[in-house]
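**Q** The structure under discussion is supplied below as structure tokens; questions concerning it will follow.
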Amino acid sequence: GEEVAQTPKHLVRGEGQKAKLYCAPIKGHSYVFWYQQVLKNEFKFLISFQNENVFDETGMPKERFSAKCLPNSPCSLEIQATKLEDSAVYFCASSQSGELFFGEGSRLTVL
Amino acid sequence: QQPVQSPQAVILREGEDAVINCSSSKALYSVHWYRQKHGEAPVFLMILLKGGEQKGHDKISASFNEKKQQSSLYLTASQLSYSGTYFCGTDSGAGSYQLTFGKGTKLSVIP
């Protein structure tokens with residue numbers, strides 16, 4: 001597609017529950033990124049992929065977060081055992097030549 | 001390291017000009033500029049590459065001083081639609097287009 005599609009738009013979870021977010025990058029884009037934006041608007045890098053391979057996961061709290069980008073499937077970001085501080089908007093972006101195209105984001109609220 | 005943006009916020013009257021600055025303590029390969037309106041995804045404005053190449057927006061210009069590791073975004077004859085939060089994103093050239101974003105500059109244009 002011509003835009004990055006993220007689902008769901010909103011997700012509410014109780015603390016300790018699992019959350020899974022999805023992202024369909026723009027067709028033909030080799031790079032996919034996940035960013036977390038918290039209330040103060042700061043973007044925190046989580047993970048990047050080059051095609052289906054993890055390129056950089058230095059931003060991921062690996063004990064609870066995992067992500068995949070498998071061929072012919074939307075990319076996914078999963079949080080096991082959510083915590084209150086995971087409440088944020090999670091943006092997926094894709095790129096082919098440098099400029100990032102962002103999806104509309106998925107707002108996760110952890111109660 | 002996160003780039004530093006200044007000012008944090010600025011209020012302009014329609015038609016006035018503004019400059020937003022972004023500086024990094026790391027050597028940079030490129031600097032990106034994005035604008036985010038409240039509740040929306042960031043939108044690409046401009047990318048400045050090491051070596052002087054620039055790609056971006058018709059009504060907005062920017063500069064990139066590689067030696068000083070600084071970039072400035074110039075908004076001239078501002079319009080109401082320019083309101084939003086402007087983020088610079090820096091790429092240190094690891095080859096993945098991964099960006100580290102500044103904390104943002106909130107621009108409000110009033111009639």
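Going by the structure tokens order, chains are called A, B, ..., each with residues numbered from 1, while ligands are numbered from 1 in the order shown.
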Give me the residues of chain A that have any atom at most 12 Å from an atom of chain B; for each, the nearest atom pair and the distance in Å, rounded to one decimal. Use only C-alpha atoms, sort by chain and number, and format it as a tab-separated table.

**A**
residue	atom	partner	partner_atom	distance
A:Glu3	CA	B:Ala41	CA	11.5
A:Val4	CA	B:Ala41	CA	10.4
A:Ala5	CA	B:Ala41	CA	11.4
A:Gln6	CA	B:Ala41	CA	11.0
A:Lys9	CA	B:Gly39	CA	11.3
A:His29	CA	B:Tyr97	CA	11.9
A:Ser30	CA	B:Ser96	CA	9.8
A:Tyr31	CA	B:Ser96	CA	7.4
A:Val32	CA	B:Gln98	CA	9.3
A:Phe33	CA	B:Gln98	CA	7.5
A:Trp34	CA	B:Gln98	CA	9.9
A:Tyr35	CA	B:Leu99	CA	9.8
A:Gln36	CA	B:Phe101	CA	11.3
A:Gln37	CA	B:Lys103	CA	10.5
A:Val38	CA	B:Lys103	CA	11.0
A:Leu39	CA	B:Gly39	CA	11.2
A:Lys40	CA	B:Lys103	CA	8.2
A:Asn41	CA	B:Lys103	CA	7.0
A:Glu42	CA	B:Lys103	CA	5.4
A:Phe43	CA	B:Phe101	CA	6.2
A:Lys44	CA	B:Phe101	CA	7.9
A:Phe45	CA	B:Thr100	CA	7.1
A:Leu46	CA	B:Gln98	CA	10.2
A:Ile47	CA	B:Gln98	CA	9.0
A:Ser48	CA	B:Gln98	CA	7.3
A:Phe49	CA	B:Ser96	CA	8.4
A:Gln50	CA	B:Ser96	CA	7.6
A:Asn51	CA	B:Ser96	CA	11.2
A:Asn53	CA	B:Ser96	CA	11.7
A:Val54	CA	B:Ser96	CA	10.6
A:Phe55	CA	B:Ser96	CA	7.2
A:Asp56	CA	B:Ser96	CA	8.3
A:Glu57	CA	B:Gln98	CA	10.9
A:Thr58	CA	B:Gln98	CA	11.3
A:Gly59	CA	B:Thr100	CA	10.9
A:Val89	CA	B:Gly39	CA	9.6
A:Tyr90	CA	B:Ala41	CA	10.3
A:Phe91	CA	B:Ala41	CA	7.8
A:Cys92	CA	B:Ala41	CA	9.6
A:Ala93	CA	B:Pro42	CA	9.7
A:Ser94	CA	B:Tyr97	CA	9.7
A:Ser95	CA	B:Tyr97	CA	7.7
A:Gln96	CA	B:Tyr97	CA	8.8
A:Ser97	CA	B:Tyr97	CA	8.1
A:Gly98	CA	B:Tyr97	CA	5.5
A:Glu99	CA	B:Phe44	CA	6.7
A:Leu100	CA	B:Phe44	CA	6.8
A:Phe101	CA	B:Phe44	CA	7.1
A:Phe102	CA	B:Ala41	CA	6.0
A:Gly103	CA	B:Ala41	CA	6.3
A:Glu104	CA	B:Ala41	CA	4.9
A:Gly105	CA	B:Ala41	CA	6.7
A:Ser106	CA	B:Ala41	CA	10.3
A:Arg107	CA	B:Gly39	CA	10.0

**Q** Selection from above, N, CA and C atoms, as a short mmCIF file (atom, residue, chain, number, x, y, z; two decimals), in the first residue's frame, can you write it?

**A**
data_model
loop_
_atom_site.label_atom_id
_atom_site.label_comp_id
_atom_site.auth_asym_id
_atom_site.auth_seq_id
_atom_site.Cartn_x
_atom_site.Cartn_y
_atom_site.Cartn_z
N GLU A 3 0.53 3.73 2.17
CA GLU A 3 0.70 4.31 3.49
C GLU A 3 0.99 3.19 4.48
N VAL A 4 1.58 3.61 5.60
CA VAL A 4 1.86 2.66 6.67
C VAL A 4 0.57 2.47 7.46
N ALA A 5 0.15 1.24 7.57
CA ALA A 5 -1.12 0.95 8.25
C ALA A 5 -0.85 0.29 9.59
N GLN A 6 -1.34 0.92 10.64
CA GLN A 6 -1.16 0.36 11.98
C GLN A 6 -2.51 -0.01 12.58
N LYS A 9 -5.97 1.08 16.49
CA LYS A 9 -5.72 2.50 16.78
C LYS A 9 -5.63 2.71 18.30
N HIS A 29 9.22 -0.89 0.77
CA HIS A 29 10.13 -0.31 1.76
C HIS A 29 10.84 -1.44 2.50
N SER A 30 12.15 -1.32 2.58
CA SER A 30 12.95 -2.38 3.18
C SER A 30 13.12 -2.21 4.69
N TYR A 31 12.93 -0.98 5.16
CA TYR A 31 13.23 -0.71 6.57
C TYR A 31 11.94 -0.42 7.32
N VAL A 32 11.85 -1.00 8.50
CA VAL A 32 10.71 -0.76 9.38
C VAL A 32 11.25 -0.39 10.76
N PHE A 33 10.60 0.59 11.37
CA PHE A 33 11.03 1.08 12.68
C PHE A 33 9.82 1.12 13.61
N TRP A 34 10.09 0.86 14.87
CA TRP A 34 9.09 1.09 15.91
C TRP A 34 9.62 2.15 16.88
N TYR A 35 8.77 3.15 17.13
CA TYR A 35 9.09 4.19 18.10
C TYR A 35 7.95 4.27 19.12
N GLN A 36 8.32 4.59 20.33
CA GLN A 36 7.36 4.80 21.41
C GLN A 36 7.33 6.29 21.72
N GLN A 37 6.13 6.88 21.70
CA GLN A 37 6.00 8.30 22.05
C GLN A 37 5.18 8.42 23.31
N VAL A 38 5.80 8.97 24.35
CA VAL A 38 5.12 9.09 25.63
C VAL A 38 4.53 10.50 25.74
N LEU A 39 3.90 10.77 26.88
CA LEU A 39 3.09 11.98 27.02
C LEU A 39 3.85 13.27 26.75
N LYS A 40 5.12 13.29 27.04
CA LYS A 40 5.90 14.51 26.83
C LYS A 40 6.34 14.64 25.39
N ASN A 41 5.79 13.82 24.53
CA ASN A 41 6.07 13.86 23.09
C ASN A 41 7.41 13.29 22.68
N GLU A 42 8.19 12.80 23.63
CA GLU A 42 9.49 12.29 23.23
C GLU A 42 9.37 10.96 22.53
N PHE A 43 10.13 10.82 21.46
CA PHE A 43 10.18 9.57 20.72
C PHE A 43 11.31 8.71 21.25
N LYS A 44 10.97 7.49 21.59
CA LYS A 44 12.01 6.55 21.99
C LYS A 44 12.09 5.45 20.95
N PHE A 45 13.27 5.27 20.38
CA PHE A 45 13.47 4.21 19.40
C PHE A 45 13.41 2.86 20.09
N LEU A 46 12.71 1.92 19.48
CA LEU A 46 12.63 0.58 20.05
C LEU A 46 13.44 -0.42 19.24
N ILE A 47 13.10 -0.53 17.94
CA ILE A 47 13.72 -1.58 17.14
C ILE A 47 13.59 -1.21 15.67
N SER A 48 14.53 -1.71 14.87
CA SER A 48 14.44 -1.53 13.42
C SER A 48 14.69 -2.86 12.71
N PHE A 49 14.11 -2.97 11.56
CA PHE A 49 14.25 -4.16 10.71
C PHE A 49 14.73 -3.75 9.33
N GLN A 50 15.53 -4.60 8.75
CA GLN A 50 15.81 -4.50 7.32
C GLN A 50 15.21 -5.77 6.72
N ASN A 51 14.15 -5.58 5.99
CA ASN A 51 13.33 -6.72 5.55
C ASN A 51 12.90 -7.50 6.80
N ASN A 53 14.85 -9.04 8.88
CA ASN A 53 15.95 -9.19 9.83
C ASN A 53 16.01 -8.02 10.80
N VAL A 54 16.20 -8.34 12.06
CA VAL A 54 16.40 -7.28 13.04
C VAL A 54 17.69 -6.55 12.72
N PHE A 55 17.60 -5.20 12.62
CA PHE A 55 18.81 -4.43 12.34
C PHE A 55 19.40 -3.86 13.62
N ASP A 56 18.53 -3.32 14.43
CA ASP A 56 18.98 -2.71 15.68
C ASP A 56 17.86 -2.86 16.70
N GLU A 57 18.16 -3.48 17.82
CA GLU A 57 17.13 -3.65 18.85
C GLU A 57 17.60 -3.07 20.17
N THR A 58 18.48 -2.10 20.11
CA THR A 58 19.07 -1.56 21.33
C THR A 58 18.06 -0.81 22.20
N GLY A 59 16.94 -0.42 21.63
CA GLY A 59 15.95 0.31 22.40
C GLY A 59 14.89 -0.55 23.05
N VAL A 89 1.90 6.10 22.78
CA VAL A 89 1.53 5.85 21.38
C VAL A 89 2.73 5.19 20.71
N TYR A 90 2.46 4.07 20.07
CA TYR A 90 3.53 3.33 19.39
C TYR A 90 3.40 3.61 17.90
N PHE A 91 4.45 4.19 17.36
CA PHE A 91 4.47 4.51 15.93
C PHE A 91 5.36 3.52 15.19
N CYS A 92 4.85 3.09 14.07
CA CYS A 92 5.64 2.32 13.13
C CYS A 92 5.97 3.24 11.97
N ALA A 93 7.15 3.11 11.42
CA ALA A 93 7.53 3.89 10.25
C ALA A 93 8.27 2.97 9.29
N SER A 94 8.16 3.26 8.02
CA SER A 94 8.93 2.51 7.04
C SER A 94 9.71 3.48 6.16
N SER A 95 10.75 2.95 5.53
CA SER A 95 11.62 3.78 4.71
C SER A 95 12.28 2.95 3.63
N GLN A 96 12.56 3.62 2.55
CA GLN A 96 13.36 2.97 1.51
C GLN A 96 14.61 3.77 1.18
N SER A 97 14.48 5.10 1.25
CA SER A 97 15.63 5.92 0.86
C SER A 97 15.94 7.01 1.88
N GLY A 98 15.56 6.81 3.11
CA GLY A 98 15.95 7.76 4.15
C GLY A 98 14.79 8.41 4.85
N GLU A 99 13.85 9.03 4.10
CA GLU A 99 12.73 9.68 4.79
C GLU A 99 11.80 8.62 5.37
N LEU A 100 11.37 8.89 6.59
CA LEU A 100 10.48 7.95 7.28
C LEU A 100 9.03 8.31 6.99
N PHE A 101 8.25 7.29 6.72
CA PHE A 101 6.81 7.44 6.57
C PHE A 101 6.18 6.77 7.79
N PHE A 102 5.47 7.57 8.56
CA PHE A 102 4.91 7.07 9.81
C PHE A 102 3.48 6.62 9.61
N GLY A 103 3.10 5.60 10.37
CA GLY A 103 1.70 5.24 10.49
C GLY A 103 1.02 6.18 11.47
N GLU A 104 -0.30 6.01 11.62
CA GLU A 104 -1.08 6.87 12.50
C GLU A 104 -0.86 6.57 13.97
N GLY A 105 -0.21 5.47 14.25
CA GLY A 105 0.09 5.14 15.64
C GLY A 105 -0.97 4.27 16.28
N SER A 106 -0.54 3.54 17.30
CA SER A 106 -1.45 2.75 18.14
C SER A 106 -1.30 3.26 19.56
N ARG A 107 -2.44 3.71 20.13
CA ARG A 107 -2.38 4.22 21.51
C ARG A 107 -2.66 3.08 22.46
#

**Q** Near B:Ala18, counting only C-alpha atoms, which residues have an atom at most 7 Å away, once you skip same-chain residues fewer than 2 positions from it, shown as a list of chain:residue names?

**A** B:Glu16, B:Ile20, B:Tyr74, B:Leu75, B:Thr76

**Q** Got a sec: who's within 8 Å of A:Glu52, counting only C-alpha atoms, leaving out chain neighbours fewer than 3 positions off, as a ChimeraX atom specification?

**A** /A:49,68-71

**Q** Running DSSP on the backbone, which parts of chain B land in strand (DSSP E or B), as a PyMOL selection string?

**A** chain B and resi 4-6+9-13+18-23+30-36+43-49+54-56+60-65+70-75+84-91+100-101+105-110

**Q** Excluding A:Gly16 and its own-chain neighbours fewer than 2 positions away, which residues fall within 10 Å of it when counting only C-alpha atoms? Please give them as a list in words.

**A**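 These residues fall inside the cut-off: Arg13, Gly14, Lys18, Ala19, Ile79, Gln80, Ala81, Thr82, Lys83, Leu84, Val110 and Leu111 of chain A.
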
**Q** Tell me which protein, DNA and RNA residues are within 10 Å of A:Glu2, counting only C-alpha atoms, leaving out same-chain ones fewer than 6 positions away, and put them as a PDB file with N, CA and C atoms, in the first residue's frame.

**A**
ATOM      1  N   PRO A  25       3.987  -2.041   6.515  1.00  0.00           N
ATOM      2  CA  PRO A  25       4.777  -0.951   5.929  1.00  0.00           C
ATOM      3  C   PRO A  25       4.367  -0.701   4.485  1.00  0.00           C
ATOM      4  N   ILE A  26       4.860   0.375   3.938  1.00  0.00           N
ATOM      5  CA  ILE A  26       4.597   0.678   2.534  1.00  0.00           C
ATOM      6  C   ILE A  26       5.301  -0.383   1.680  1.00  0.00           C
ATOM      7  N   LYS A  27       4.580  -0.851   0.699  1.00  0.00           N
ATOM      8  CA  LYS A  27       5.116  -1.911  -0.167  1.00  0.00           C
ATOM      9  C   LYS A  27       6.397  -1.432  -0.833  1.00  0.00           C
ATOM     10  N   GLY A  28       7.428  -2.270  -0.740  1.00  0.00           N
ATOM     11  CA  GLY A  28       8.695  -1.910  -1.367  1.00  0.00           C
ATOM     12  C   GLY A  28       9.684  -1.272  -0.419  1.00  0.00           C
ATOM     13  N   PHE A 101       8.252   7.291   6.720  1.00  0.00           N
ATOM     14  CA  PHE A 101       6.812   7.443   6.572  1.00  0.00           C
ATOM     15  C   PHE A 101       6.180   6.766   7.787  1.00  0.00           C
TER      16      PHE A 101
END

**Q** Atom CA of B:Leu48 and atom CA of B:Val31 are how many Å apart?

**A**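 Pair atom CA of B:Leu48 / atom CA of B:Val31 returns 5.2 Å.
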
**Q** Near B:Ile11, counting only C-alpha atoms, which residues have an atom at most 10 Å away, once you skip same-chain residues fewer than 5 positions from it, shown as a ChimeraX atom specification?

**A** /B:16,18,83,106-110

**Q** Now that the selection is made, can you save its residues with N, CA and C atoms as a short mmCIF file (atom, residue, chain, number, x, y, z; two decimals), in the first residue's frame?

**A**
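This went into out_2.cif:
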data_model
loop_
_atom_site.label_atom_id
_atom_site.label_comp_id
_atom_site.auth_asym_id
_atom_site.auth_seq_id
_atom_site.Cartn_x
_atom_site.Cartn_y
_atom_site.Cartn_z
N GLU B 16 4.81 35.90 10.10
CA GLU B 16 6.13 36.07 10.71
C GLU B 16 7.02 34.87 10.40
N ALA B 18 10.26 32.17 11.53
CA ALA B 18 10.81 31.46 12.70
C ALA B 18 12.00 30.62 12.29
N SER B 83 1.35 25.41 12.36
CA SER B 83 1.30 25.07 13.79
C SER B 83 1.50 23.57 13.99
N LYS B 106 7.51 23.28 19.90
CA LYS B 106 6.09 23.52 19.65
C LYS B 106 5.91 24.91 19.04
N LEU B 107 5.37 24.92 17.83
CA LEU B 107 5.14 26.18 17.11
C LEU B 107 3.65 26.44 17.05
N SER B 108 3.27 27.63 17.50
CA SER B 108 1.87 28.04 17.43
C SER B 108 1.79 29.29 16.56
N VAL B 109 1.03 29.23 15.51
CA VAL B 109 0.82 30.39 14.64
C VAL B 109 -0.59 30.90 14.89
N ILE B 110 -0.67 32.18 15.25
CA ILE B 110 -1.98 32.78 15.56
C ILE B 110 -2.32 33.83 14.53
#

**Q** Tell me, in Å to one decimal, how far atom CA of A:Ser73 is from atom CA of A:Glu15.

**A** 28.0 Å

**Q** If you measure from atom CA of A:Cys23 to atom CA of A:Pro8, what distance in Å do you get, rounded to one decimal?

**A** 9.2 Å

**Q** When you count only C-alpha atoms, which of these residues is closest to B:Ser72: B:Leu28, B:Pro7, B:Cys22, B:Tyr86?

**A** B:Cys22

**Q** Using only C-alpha atoms, can you tell me which of B:Arg13, B:Lys59, B:Lys67, B:Lys50 comes closest to B:Pro111?

**A**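 Smallest distance to B:Pro111 is found for B:Arg13.
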